[in-house]
Structure formats: structure tokens, C-alpha cells
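Read through the structure below, which is laid out as C-alpha cells, and then see the notes.
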Amino acid sequence: MGSRSAPRNRLAKPLPEEWRRFLVGLGVPKRKYTAVCRAELAGGRVIEQLIIEEGWVIALDKSGLAGTFEQRIDFDPREIFDLRIVQVV
């Protein structure tokens, strides 16, 4: 992956490439961004405040918007079948 900086949550999971391209197609920058999204997973679970930072799923709620922290991401990002942008910073 080159010289990318580590995500603020060391337990973060990479967002699949198809969803990275989807976000870029909607005007989200390729680098240096934080997005709050609504994600629907294959099993029917809905995550209202999924935090994605520079292509990494870093948190499941807005508490992950500040500082360095550890939060377990309790799903596989490949299970996402619908993603909607709520806010991009």
C-alpha cells in the first residue's frame, strides 16, 4: 500500500475497492477525507453513522470523529450492499 499513514483506529478495516470508487464517483476526495455514511449490510443490519476515513472503516458512530482510539469493527466491510453519504469533512 505504499507510504500511507495508519488509520487512527488500529483495529480499522479497509473499505473494499468498489466502495472506494463509489465514493470518489460521488465527489469524495481520494485522500484526506472523513465521511459519515449510512451502511446497509447483507444480513439486514443498518449502521447509521459509519465513519470512513481515507478508505478505512474506522468507527461505527460519531465518537470516532476525534482523536486516536480503539474500536472493534464487528462486521466484514465486504458485507456492505448499500452505502449512502450523510456528511463529508
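By convention in this document, the chains of the C-alpha cells carry letters A, B, ... by their order, each chain's residues are numbered from 1, and ligands are numbered from 1 in the order they are shown.
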Contacts of Pro7 in chain A within 9 Å, only C-alpha atoms, excl. fewer than 3 positions in-chain, as a PyMOL selection string:
chain A and resi 4+10-12+53-54+56-58+68
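Around range 38-46 of chain A, within 6 Å and counting only C-alpha atoms, the residues found are Glu79, Ile80, Phe81, Asp82, Leu83 and Arg84 of chain A, once anything fewer than 5 positions away on its own chain is removed.
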Would you return as a ChimeraX atom specification the members of range 21-57 of chain A that DSSP assigns to helix (DSSP H, G or I) on this structure's backbone?
/A:21-25
File of the preceding selection, N, CA, C and O atoms, as a PDB file, in the first residue's frame:
```pdb
ATOM      1  N   ARG A  21     -14.244   3.463  -4.995  1.00  0.00           N
ATOM      2  CA  ARG A  21     -14.549   4.054  -6.301  1.00  0.00           C
ATOM      3  C   ARG A  21     -15.925   4.724  -6.293  1.00  0.00           C
ATOM      4  O   ARG A  21     -16.116   5.783  -6.889  1.00  0.00           O
ATOM      5  N   PHE A  22     -16.894   4.111  -5.608  1.00  0.00           N
ATOM      6  CA  PHE A  22     -18.235   4.672  -5.481  1.00  0.00           C
ATOM      7  C   PHE A  22     -18.173   6.049  -4.807  1.00  0.00           C
ATOM      8  O   PHE A  22     -18.791   7.007  -5.286  1.00  0.00           O
ATOM      9  N   LEU A  23     -17.431   6.153  -3.713  1.00  0.00           N
ATOM     10  CA  LEU A  23     -17.317   7.436  -3.006  1.00  0.00           C
ATOM     11  C   LEU A  23     -16.647   8.489  -3.875  1.00  0.00           C
ATOM     12  O   LEU A  23     -17.092   9.631  -3.937  1.00  0.00           O
ATOM     13  N   VAL A  24     -15.583   8.123  -4.570  1.00  0.00           N
ATOM     14  CA  VAL A  24     -14.891   9.061  -5.459  1.00  0.00           C
ATOM     15  C   VAL A  24     -15.829   9.516  -6.570  1.00  0.00           C
ATOM     16  O   VAL A  24     -15.872  10.691  -6.932  1.00  0.00           O
ATOM     17  N   GLY A  25     -16.631   8.605  -7.084  1.00  0.00           N
ATOM     18  CA  GLY A  25     -17.599   8.944  -8.124  1.00  0.00           C
ATOM     19  C   GLY A  25     -18.650   9.943  -7.663  1.00  0.00           C
ATOM     20  O   GLY A  25     -19.220  10.681  -8.462  1.00  0.00           O
TER      21      GLY A  25
END
```
Strand (DSSP E) positions in range 4-79 of chain A, given as a list in words:
Lys13, Pro14, Thr34, Ala35, Val36, Cys37, Arg38, Ala39, Glu40, Leu41, Val46, Ile47, Glu48, Gln49, Leu50, Ile51, Ile52, Glu53, Trp56, Val57, Ile58 and Ala59 of chain A
State, in Å with one decimal place, the distance from CA of Ala59 in chain A to CA of Arg31 in chain A.
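Separating CA of Ala59 in chain A from CA of Arg31 in chain A is a distance of 17.7 Å.
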